[in-house]
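Novice: One file is attached below, my_file-v3.txt, containing compact mmCIF, C-alpha atoms.
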```txt
# COMPACT_ATOMS: atom_id res chain seq x y z
CA MET A 1 -3.60 15.55 12.39
CA PRO A 2 -3.55 12.77 15.01
CA SER A 3 -4.19 13.87 18.59
CA PRO A 4 -1.34 13.81 21.16
CA THR A 5 -2.86 10.63 22.61
CA ARG A 6 -2.76 8.87 19.24
CA ARG A 7 0.75 10.17 18.50
CA ARG A 8 1.94 8.65 21.80
CA LEU A 9 0.34 5.34 20.85
CA LEU A 10 2.06 5.38 17.45
CA SER A 11 5.43 6.21 18.98
CA ALA A 12 5.15 3.53 21.65
CA THR A 13 4.14 0.85 19.16
CA ALA A 14 6.93 1.78 16.78
CA ALA A 15 9.45 1.77 19.63
CA LEU A 16 8.86 -1.95 20.09
CA LEU A 17 10.05 -2.41 16.50
CA SER A 18 13.18 -0.31 16.95
CA ALA A 19 16.63 -1.54 15.96
CA GLY A 20 17.80 -4.44 18.04
CA ALA A 21 14.32 -5.46 19.12
CA PRO A 22 12.56 -8.50 17.69
CA PRO A 23 9.68 -7.82 15.30
CA LEU A 24 6.38 -7.18 17.04
CA VAL A 25 3.99 -9.84 15.82
CA LEU A 26 0.61 -8.44 16.77
CA SER A 27 -1.13 -11.73 16.02
CA GLY A 28 -0.05 -13.21 19.34
CA HIS A 29 1.05 -16.82 19.42
CA ALA A 30 1.08 -19.74 17.03
CA ALA A 31 -1.99 -21.93 17.17
CA PRO A 32 -2.13 -25.62 16.30
CA ALA A 33 -3.80 -26.56 13.07
CA GLN A 34 -7.38 -27.75 13.00
CA GLY A 35 -7.56 -31.33 14.17
CA ASP A 36 -4.81 -31.06 16.83
CA SER A 37 -4.95 -33.62 19.61
CA GLU A 38 -6.78 -31.28 21.96
CA GLY A 39 -9.45 -30.45 19.39
CA GLN A 40 -9.90 -34.11 18.44
CA GLY A 41 -10.26 -35.15 22.05
CA THR A 42 -12.80 -32.42 22.66
CA SER A 43 -14.78 -33.36 19.57
CA GLN A 44 -14.83 -37.03 20.51
CA GLY A 45 -16.07 -36.14 23.98
CA ALA A 46 -18.92 -33.91 22.82
CA SER A 47 -21.68 -36.47 23.13
CA GLN A 48 -20.17 -37.95 26.31
CA ALA A 49 -20.36 -34.56 28.04
CA THR A 50 -24.15 -34.72 28.01
CA ASP A 51 -24.03 -37.78 30.24
CA GLN A 52 -21.47 -36.22 32.60
CA GLY A 53 -23.31 -33.18 33.89
CA THR A 54 -24.87 -30.94 31.24
CA GLY A 55 -28.28 -32.21 32.32
CA HIS A 56 -31.00 -30.65 30.22
CA TRP A 57 -28.72 -28.03 28.68
CA PRO A 58 -29.57 -26.25 26.52
CA ALA A 59 -32.96 -25.70 28.06
CA ARG A 60 -33.85 -22.65 25.98
CA PRO A 61 -32.45 -20.64 23.03
CA ILE A 62 -28.79 -19.64 23.29
CA ARG A 63 -27.76 -16.03 22.70
CA LEU A 64 -24.51 -15.67 20.73
CA ILE A 65 -23.40 -12.06 21.29
CA ILE A 66 -21.50 -10.42 18.43
CA PRO A 67 -19.76 -7.24 19.66
CA VAL A 68 -19.92 -5.34 16.35
CA ALA A 69 -22.50 -4.22 13.81
CA PRO A 70 -23.64 -6.64 11.07
CA GLY A 71 -21.34 -7.34 8.16
CA GLY A 72 -17.91 -7.54 9.80
CA SER A 73 -15.73 -10.61 10.20
CA LEU A 74 -17.00 -11.39 13.72
CA ASP A 75 -20.54 -11.17 12.41
CA ILE A 76 -19.74 -13.58 9.57
CA LEU A 77 -18.12 -16.10 11.91
CA GLY A 78 -20.88 -15.78 14.51
CA ARG A 79 -23.68 -16.43 12.04
CA VAL A 80 -21.97 -19.43 10.46
CA LEU A 81 -21.40 -21.02 13.88
CA ALA A 82 -24.89 -20.11 15.12
CA LYS A 83 -26.46 -21.95 12.20
CA ARG A 84 -24.28 -25.01 12.78
CA LEU A 85 -24.89 -25.12 16.55
CA THR A 86 -28.63 -24.68 16.09
CA ALA A 87 -28.63 -27.87 14.02
CA THR A 88 -26.67 -29.88 16.58
CA LEU A 89 -27.72 -28.60 20.02
CA GLY A 90 -31.47 -28.97 19.65
CA GLN A 91 -32.20 -25.33 20.53
CA PRO A 92 -31.97 -22.14 18.44
CA VAL A 93 -28.64 -20.33 18.70
CA VAL A 94 -29.50 -16.69 18.03
CA ALA A 95 -26.77 -14.40 16.70
CA GLU A 96 -27.28 -11.01 18.37
CA ASN A 97 -25.30 -7.90 17.39
CA MET A 98 -24.43 -5.67 20.35
CA ALA A 99 -22.19 -2.90 19.03
CA GLY A 100 -20.94 0.18 20.86
CA GLY A 101 -18.34 1.31 23.34
CA GLY A 102 -15.50 -0.15 21.30
CA SER A 103 -17.17 -3.57 21.88
CA ASN A 104 -17.01 -3.08 25.66
CA ILE A 105 -20.81 -3.08 25.97
CA ALA A 106 -20.99 -6.61 24.62
CA PHE A 107 -17.93 -7.79 26.56
CA GLU A 108 -19.31 -6.51 29.87
CA HIS A 109 -22.76 -7.94 29.11
CA VAL A 110 -21.42 -11.45 28.61
CA ALA A 111 -18.95 -11.18 31.50
CA HIS A 112 -21.86 -10.56 33.88
CA ALA A 113 -24.36 -12.94 32.29
CA ARG A 114 -25.56 -16.02 34.19
CA PRO A 115 -22.93 -18.76 33.59
CA ASP A 116 -25.38 -21.41 32.48
CA GLY A 117 -24.32 -21.87 28.85
CA HIS A 118 -27.16 -19.81 27.39
CA THR A 119 -25.11 -16.64 26.71
CA LEU A 120 -21.94 -16.85 24.61
CA LEU A 121 -19.57 -14.33 23.01
CA VAL A 122 -17.85 -14.16 19.65
CA GLY A 123 -14.58 -12.65 20.86
CA SER A 124 -11.33 -11.49 19.30
CA ASP A 125 -8.05 -9.81 20.24
CA VAL A 126 -9.99 -6.64 21.07
CA LEU A 127 -11.18 -8.43 24.22
CA ALA A 128 -7.57 -8.43 25.45
CA ILE A 129 -6.65 -4.98 24.11
CA ASN A 130 -9.49 -2.85 25.49
CA PRO A 131 -8.74 -3.05 29.24
CA ALA A 132 -5.41 -1.40 28.52
CA LEU A 133 -6.99 1.34 26.39
CA TYR A 134 -10.14 2.22 28.32
CA PRO A 135 -10.07 3.44 31.94
CA ARG A 136 -13.30 1.54 32.74
CA ALA A 137 -13.63 -1.42 30.41
CA GLY A 138 -16.01 -3.13 32.83
CA TYR A 139 -14.52 -6.64 32.62
CA ASP A 140 -11.34 -8.66 32.96
CA PRO A 141 -10.49 -10.75 29.86
CA VAL A 142 -9.00 -13.60 31.89
CA ARG A 143 -11.01 -13.62 35.12
CA ASP A 144 -14.46 -13.03 33.63
CA PHE A 145 -14.49 -15.45 30.68
CA ALA A 146 -14.21 -19.17 30.02
CA PRO A 147 -12.61 -19.67 26.58
CA VAL A 148 -14.37 -22.39 24.60
CA ALA A 149 -12.66 -22.55 21.20
CA GLU A 150 -10.52 -20.39 18.97
CA ALA A 151 -12.10 -20.84 15.55
CA VAL A 152 -10.25 -18.77 12.96
CA ARG A 153 -7.53 -16.24 12.21
CA ALA A 154 -7.25 -13.62 9.48
CA PRO A 155 -4.99 -10.72 8.50
CA GLN A 156 -5.95 -7.09 8.17
CA VAL A 157 -6.13 -5.65 4.66
CA LEU A 158 -5.54 -2.06 3.55
CA VAL A 159 -8.27 -1.15 1.07
CA VAL A 160 -9.05 2.15 -0.65
CA ARG A 161 -12.06 3.60 -2.42
CA ASP A 162 -12.21 2.90 -6.12
CA GLY A 163 -11.72 6.56 -7.11
CA LEU A 164 -8.51 7.06 -5.13
CA GLU A 165 -5.53 7.50 -7.44
CA ALA A 166 -3.18 5.20 -5.53
CA ARG A 167 -2.74 1.77 -7.14
CA ASP A 168 -0.08 0.40 -4.79
CA ILE A 169 1.17 0.97 -1.26
CA GLY A 170 3.97 3.30 -2.35
CA ALA A 171 1.60 5.58 -4.23
CA PHE A 172 -0.84 5.50 -1.31
CA LEU A 173 1.80 6.64 1.16
CA SER A 174 2.92 9.40 -1.20
CA LEU A 175 -0.68 10.55 -1.45
CA ALA A 176 -0.96 10.54 2.34
CA ARG A 177 2.13 12.74 2.65
CA GLU A 178 0.75 15.18 0.11
CA ALA A 179 -2.57 15.31 1.97
CA GLY A 180 -0.84 16.48 5.14
CA GLY A 181 -2.99 14.44 7.51
CA ASN A 182 -6.29 15.05 5.70
CA LEU A 183 -6.56 11.60 4.12
CA SER A 184 -9.14 9.53 6.04
CA MET A 185 -8.15 6.09 7.32
CA ALA A 186 -11.02 4.14 8.87
CA SER A 187 -11.00 1.07 11.09
CA GLN A 188 -13.59 -1.23 12.62
CA GLY A 189 -13.34 0.73 15.89
CA ASN A 190 -11.15 2.49 18.42
CA GLY A 191 -8.63 0.03 19.81
CA SER A 192 -9.34 -2.54 17.11
CA LEU A 193 -6.51 -4.40 15.46
CA GLY A 194 -7.21 -2.42 12.29
CA HIS A 195 -6.80 0.82 14.26
CA LEU A 196 -3.49 -0.30 15.74
CA ALA A 197 -2.23 -1.71 12.44
CA GLY A 198 -3.00 1.58 10.70
CA ALA A 199 -1.29 3.49 13.49
CA LEU A 200 1.78 1.28 13.22
CA LEU A 201 1.93 1.74 9.45
CA ALA A 202 1.64 5.51 9.77
CA GLN A 203 4.46 5.63 12.31
CA ARG A 204 6.80 3.40 10.33
CA ALA A 205 6.10 5.21 7.07
CA GLY A 206 6.41 8.66 8.63
CA VAL A 207 2.95 9.81 7.49
CA ALA A 208 -0.23 11.00 9.16
CA TRP A 209 -3.91 10.57 8.41
CA THR A 210 -7.25 11.11 10.13
CA HIS A 211 -8.53 8.02 11.91
CA VAL A 212 -12.24 7.33 11.48
CA PRO A 213 -13.53 4.61 13.86
CA TYR A 214 -16.68 2.61 13.07
CA ARG A 215 -18.78 0.15 15.08
CA GLY A 216 -17.53 -2.83 13.13
CA GLY A 217 -16.00 -3.63 9.77
CA GLY A 218 -19.34 -3.99 7.98
CA PRO A 219 -20.42 -0.31 8.19
CA ALA A 220 -16.87 0.81 7.38
CA VAL A 221 -16.78 -1.29 4.20
CA ILE A 222 -20.17 0.11 3.15
CA ASP A 223 -18.93 3.70 3.54
CA LEU A 224 -15.69 2.93 1.71
CA THR A 225 -17.64 1.38 -1.17
CA GLY A 226 -19.77 4.51 -1.27
CA GLY A 227 -16.71 6.74 -1.44
CA HIS A 228 -17.33 8.44 1.91
CA ILE A 229 -13.87 7.59 3.27
CA ASP A 230 -10.51 7.25 1.53
CA ALA A 231 -9.03 4.12 3.04
CA LEU A 232 -9.74 1.37 5.55
CA MET A 233 -7.65 -1.10 7.53
CA VAL A 234 -9.97 -3.99 8.32
CA THR A 235 -10.06 -7.75 8.85
CA LEU A 236 -9.93 -9.38 5.42
CA PRO A 237 -13.20 -11.38 5.59
CA ALA A 238 -15.16 -8.16 6.12
CA ALA A 239 -13.90 -6.76 2.81
CA ILE A 240 -13.22 -9.79 0.61
CA GLU A 241 -16.52 -9.79 -1.32
CA GLN A 242 -16.27 -6.10 -2.23
CA ILE A 243 -12.63 -6.59 -3.23
CA ARG A 244 -13.57 -9.51 -5.49
CA ALA A 245 -16.38 -7.44 -7.01
CA GLY A 246 -13.94 -4.63 -7.83
CA ARG A 247 -15.83 -2.03 -5.79
CA ILE A 248 -12.85 -1.33 -3.54
CA ARG A 249 -9.15 -1.91 -4.12
CA ALA A 250 -6.77 -3.89 -1.88
CA LEU A 251 -3.24 -2.49 -1.62
CA ALA A 252 -1.62 -4.70 1.03
CA VAL A 253 -2.25 -7.38 3.64
CA THR A 254 -0.74 -7.56 7.12
CA SER A 255 0.13 -11.26 7.21
CA ALA A 256 3.79 -12.25 7.07
CA GLY A 257 3.36 -13.33 3.45
CA ARG A 258 0.70 -12.99 0.79
CA ASP A 259 -2.74 -14.29 1.61
CA PRO A 260 -3.90 -17.17 -0.63
CA ASN A 261 -7.24 -15.42 -1.12
CA LEU A 262 -5.48 -12.39 -2.65
CA PRO A 263 -2.29 -13.75 -4.27
CA GLY A 264 -1.80 -10.61 -6.32
CA VAL A 265 -1.80 -8.32 -3.27
CA PRO A 266 1.58 -7.91 -1.54
CA SER A 267 2.13 -8.03 2.20
CA LEU A 268 3.39 -4.95 4.00
CA ALA A 269 6.35 -7.06 5.13
CA GLU A 270 7.49 -7.41 1.51
CA SER A 271 6.65 -3.78 0.69
CA GLY A 272 9.36 -2.07 2.70
CA PHE A 273 8.15 -2.88 6.22
CA PRO A 274 10.00 -6.03 7.33
CA GLY A 275 8.56 -7.78 10.37
CA PHE A 276 5.14 -6.19 9.91
CA GLU A 277 2.63 -8.88 10.87
CA VAL A 278 -0.85 -8.22 12.29
CA VAL A 279 -3.25 -11.17 12.39
CA THR A 280 -6.49 -11.36 14.37
CA TRP A 281 -7.77 -14.38 16.30
CA GLN A 282 -11.48 -15.02 16.79
CA GLY A 283 -13.36 -17.57 18.84
CA ILE A 284 -16.16 -18.40 21.25
CA LEU A 285 -16.13 -17.63 24.97
CA ALA A 286 -18.62 -18.12 27.81
CA PRO A 287 -18.98 -16.34 31.15
CA ALA A 288 -16.56 -17.57 33.81
CA GLY A 289 -18.12 -20.22 35.99
CA THR A 290 -19.96 -21.97 33.18
CA PRO A 291 -20.00 -25.70 34.10
CA ALA A 292 -17.15 -27.68 32.58
CA PRO A 293 -19.39 -30.30 30.94
CA ILE A 294 -21.20 -27.54 29.04
CA LEU A 295 -17.90 -26.04 27.94
CA ARG A 296 -16.68 -29.45 26.78
CA ARG A 297 -19.81 -30.10 24.78
CA LEU A 298 -19.70 -26.65 23.19
CA ALA A 299 -16.04 -27.06 22.30
CA GLY A 300 -16.73 -30.46 20.81
CA GLU A 301 -19.64 -29.24 18.72
CA ILE A 302 -17.60 -26.28 17.44
CA ALA A 303 -14.65 -28.56 16.59
CA ALA A 304 -16.98 -30.90 14.72
CA GLY A 305 -18.51 -27.94 12.91
CA LEU A 306 -15.16 -26.57 11.82
CA ALA A 307 -14.25 -30.03 10.51
CA ASP A 308 -17.45 -30.20 8.47
CA PRO A 309 -16.69 -29.49 4.78
CA GLU A 310 -19.74 -27.26 4.39
CA VAL A 311 -18.87 -25.06 7.38
CA SER A 312 -15.13 -24.94 6.69
CA GLY A 313 -15.84 -24.22 3.03
CA GLN A 314 -18.02 -21.25 3.95
CA LEU A 315 -15.38 -19.82 6.26
CA ARG A 316 -12.48 -20.36 3.87
CA ALA A 317 -14.49 -18.75 1.08
CA GLN A 318 -14.71 -15.67 3.31
CA ALA A 319 -10.88 -15.64 3.68
CA PHE A 320 -10.67 -17.13 7.17
CA GLU A 321 -7.88 -19.51 8.21
CA ILE A 322 -9.40 -22.23 10.37
CA THR A 323 -7.50 -23.03 13.56
CA GLY A 324 -9.94 -25.07 15.64
CA THR A 325 -8.02 -24.69 18.90
CA GLY A 326 -9.65 -26.19 22.01
CA PRO A 327 -10.28 -24.64 25.44
CA ASP A 328 -6.87 -25.13 27.06
CA ARG A 329 -4.84 -23.63 24.22
CA PHE A 330 -7.39 -20.87 23.69
CA ARG A 331 -7.24 -19.99 27.39
CA ALA A 332 -3.45 -19.81 27.19
CA LEU A 333 -3.71 -17.50 24.18
CA VAL A 334 -6.18 -15.12 25.86
CA THR A 335 -4.04 -15.03 29.01
CA ALA A 336 -0.88 -14.27 27.05
CA GLU A 337 -2.62 -11.56 25.00
CA ALA A 338 -4.00 -9.91 28.15
CA ARG A 339 -0.47 -9.71 29.55
CA ARG A 340 1.15 -8.47 26.34
CA TRP A 341 -1.07 -5.61 25.19
CA PRO A 342 -0.80 -3.39 28.29
CA GLU A 343 2.94 -3.08 27.64
CA VAL A 344 2.26 -1.33 24.35
CA VAL A 345 -0.51 0.86 25.71
CA ARG A 346 1.19 1.84 28.98
CA ALA A 347 4.28 2.93 27.10
CA SER A 348 2.14 5.29 25.05
CA GLY A 349 0.07 6.66 27.93
CA ALA A 350 -2.95 6.43 25.62
CA ARG A 351 -6.51 6.09 26.87
CA LEU A 352 -9.82 6.03 25.04
CA GLU A 353 -12.93 7.31 26.83
```
Mind converting the file's structure to structure tokens?

Specialist:
Amino acid sequence: MPSPTRRRLLSATAALLSAGAPPLVLSGHAAPAQGDSEGQGTSQGASQATDQGTGHWPARPIRLIIPVAPGGSLDILGRVLAKRLTATLGQPVVAENMAGGGSNIAFEHVAHARPDGHTLLVGSDVLAINPALYPRAGYDPVRDFAPVAEAVRAPQVLVVRDGLEARDIGAFLSLAREAGGNLSMASQGNGSLGHLAGALLAQRAGVAWTHVPYRGGGPAVIDLTGGHIDALMVTLPAAIEQIRAGRIRALAVTSAGRDPNLPGVPSLAESGFPGFEVVTWQGILAPAGTPAPILRRLAGEIAAGLADPEVSGQLRAQAFEITGTGPDRFRALVTAEARRWPEVVRASGARLE
């Protein structure tokens, strides 16, 4: 059965969806489509930035810190962008996995790195969520980071092991009730969007299960494929290949409507849970204090990469929606997310050590 801390989190989250309140859209705020005026301006200014103060940057290989284990959606995005930036910046961009501590180890590492453009972070909504969940997160998501570009968004997907009897969301919830809390529901980590989406679903459906946190979506998908856990709520790109191969089964997505990559899989919103929408954002951030010309060049190179048919094709094939938002809009998103999540967590009284 869930601990008292987790039950308080479920109750608080569900309370925000109570009668008379607007639906809680956990994805945050609408982002402009790729190619918006900000992104275009940034892309056009990429080469100009070199002449306006980047000097000899990059002077050595760039570390792109990925805060989860290999195989998850952040890992996929990070490696695609690292390959592209290596080709355009003239120095290797090395994707480096730094899992642990609910991603706080990686977040704190980048927050305190030298702000010279040689250490970057692949960040997501977890960056804004964790300071409200952990008593000592070790960083401030607004003060300690310089947002460069939001790259993509993606829903969560509820997937189950192939041998589980449930073939649809209704049967799955019935099975969970019969199991009396013993059914295992994994996520990519404590405090992750998959964790909170699973908690919200359990509360709204009136069921309980045992949460199993992993250090990223990749290891969780491997264990689900191997039959070691019953179910998983995870970012869609982390699971899409195993779903397509028929090794695991998708029951529902958390976008407002069906995802074009899985047209036969219903959304939770159409499956008896109106207003249920949980969509992750992912992008690149640098330590606060990184010189503006470096940030502009990085943003421009990322925008150009996302506009490249080869790069965008790779990401769309992995079930990402490309947003391509530039620094100003991305900064506004991170700031708004950092203000919004503590409301949910404070109401619950939940903390994760």

Novice: Using Å and a single decimal, report how far CA of Leu236 in chain A sits from CA of Val221 in chain A.

Specialist: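 Atom-to-atom, CA of Val221 in chain A and CA of Leu236 in chain A are spaced 10.7 Å apart.
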
Novice: Hey, which of A:Leu158, A:Val334, A:Leu315, A:Ala231 ends up closest to Ala250 in chain A? Count only C-alpha atoms.

Specialist: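 For Ala250 in chain A, the nearest of the given residues is A:Leu158.
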
Novice: Distance table requested - range 227-315 of chain A against range 98-110 of chain A, cut-off 9 Å, all atoms listed in the file: one row per qualifying residue with the closest atom pair and its distance in Å to one decimal, ordered by chain and rising residue number, as JSON lines.

Specialist:
```
{"residue": "A:Leu285", "atom": "CA", "partner": "A:Val110", "partner_atom": "CA", "distance": 8.9}
{"residue": "A:Ala286", "atom": "CA", "partner": "A:Val110", "partner_atom": "CA", "distance": 7.3}
{"residue": "A:Pro287", "atom": "CA", "partner": "A:Val110", "partner_atom": "CA", "distance": 6.0}
```

Novice: Hey, what's within 8 Å of His211 in chain A if we count all atoms listed in the file and toss same-chain stuff fewer than 4 positions away? As a VMD selection string, please?

Specialist: chain A and resid 2 184 to 187 195

Novice: For a cutoff of 10 Å around the file-coordinate point (-6.9, -16.4, 4.9), which residues qualify once you count all atoms listed in the file? I'd like the result as a list in words.

Specialist: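 Applying the cut-off with all atoms listed in the file, one gets Val152, Arg153, Ala154, Pro155, Gln156, Leu236, Pro237, Ser255, Arg258, Asp259, Pro260, Asn261, Leu262, Val279, Leu315, Arg316, Ala317, Gln318, Ala319, Phe320, Glu321 and Ile322 of chain A.
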
Novice: Within 7 Å of Ile169 in chain A, counting all atoms listed in the file, which residues show up once you throw out same-chain ones fewer than 2 positions away? Write them as an MDAnalysis selection string, please.

Specialist: chainID A and resid 171:173 251:252

Novice: Just to confirm, what's the straight-line distance from CA of Leu298 in chain A to CA of Val148 in chain A in Å (one decimal)?

Specialist: 7.0 Å

Novice: Range 266-285 of chain A, all listed atoms, 3 Å padding on each side: what axis-aligned box centre and edge lengths in Å to one decimal come out, as lines of an AutoDock Vina configuration file?

Specialist:
```
center_x = -3.1
center_y = -10.2
center_z = 11.7
size_x = 32.2
size_y = 22.3
size_z = 32.5
```

Novice: Restricting the calculation to all atoms listed in the file, which member of A:Ala151, A:Leu232, A:Leu200, A:Ala288 is positioned closest to Thr325 in chain A?

Specialist: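 Result for the nearest residue to Thr325 in chain A: A:Ala151.
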
Novice: Find, counting all atoms listed in the file, the residue in A:Ile76, A:Val159, A:Ala87, A:Ala299 that gets nearest to Gly227 in chain A.

Specialist: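 Nearest candidate to Gly227 in chain A out of A:Ile76, A:Val159, A:Ala87, A:Ala299: A:Val159.
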
Novice: I'd like the interatomic distance between CA of Ala256 in chain A and CA of Arg161 in chain A, to a tenth of an Å.

Specialist: 24.3 Å

Novice: My list of candidates is A:Ile229, A:Ala146, A:Ala59, A:Val122. Which is closest to Pro291 in chain A when distances are computed with all atoms listed in the file?

Specialist: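 Among the listed residues, the smallest separation from Pro291 in chain A belongs to A:Ala146.
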
Novice: Just the residues within 6 Å of Pro327 in chain A, please, counting all atoms listed in the file, with nothing from its chain fewer than 3 positions along; format it as number ranges by chain.

Specialist: A: 147-149, 330-331

Novice: Could you check which of A:Gly189, A:Val157, A:Gly326, A:Ile66 is closest to Leu295 in chain A, using all atoms listed in the file?

Specialist: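 So, comparing all the options, the nearest one is A:Gly326.
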
Novice: Mind checking which residues fall within 6 Å of Val93 in chain A, counting all atoms listed in the file, ignoring those fewer than 6 positions away in the same chain, and posting them as a VMD selection string?

Specialist: chain A and resid 61 to 63 82 86

Novice: May I have the residues within 10 Å of Glu96 in chain A as a list in words, using all atoms listed in the file and disregarding those fewer than 5 positions away in the same chain?

Specialist: Arg63, Leu64, Ile65, Ile66, Pro67, Val68, Ala69, Pro70, Asp75, Gly78, Arg79, Ala82, Ala106 and Leu121 of chain A

Novice: Could you check the closest approach to Ala238 in chain A for each of A:Ala303, A:Val311, A:Ala220, A:Leu196 and tell me which residue wins, using all atoms listed in the file?

Specialist: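 Distance minimum relative to Ala238 in chain A lands on A:Ala220.
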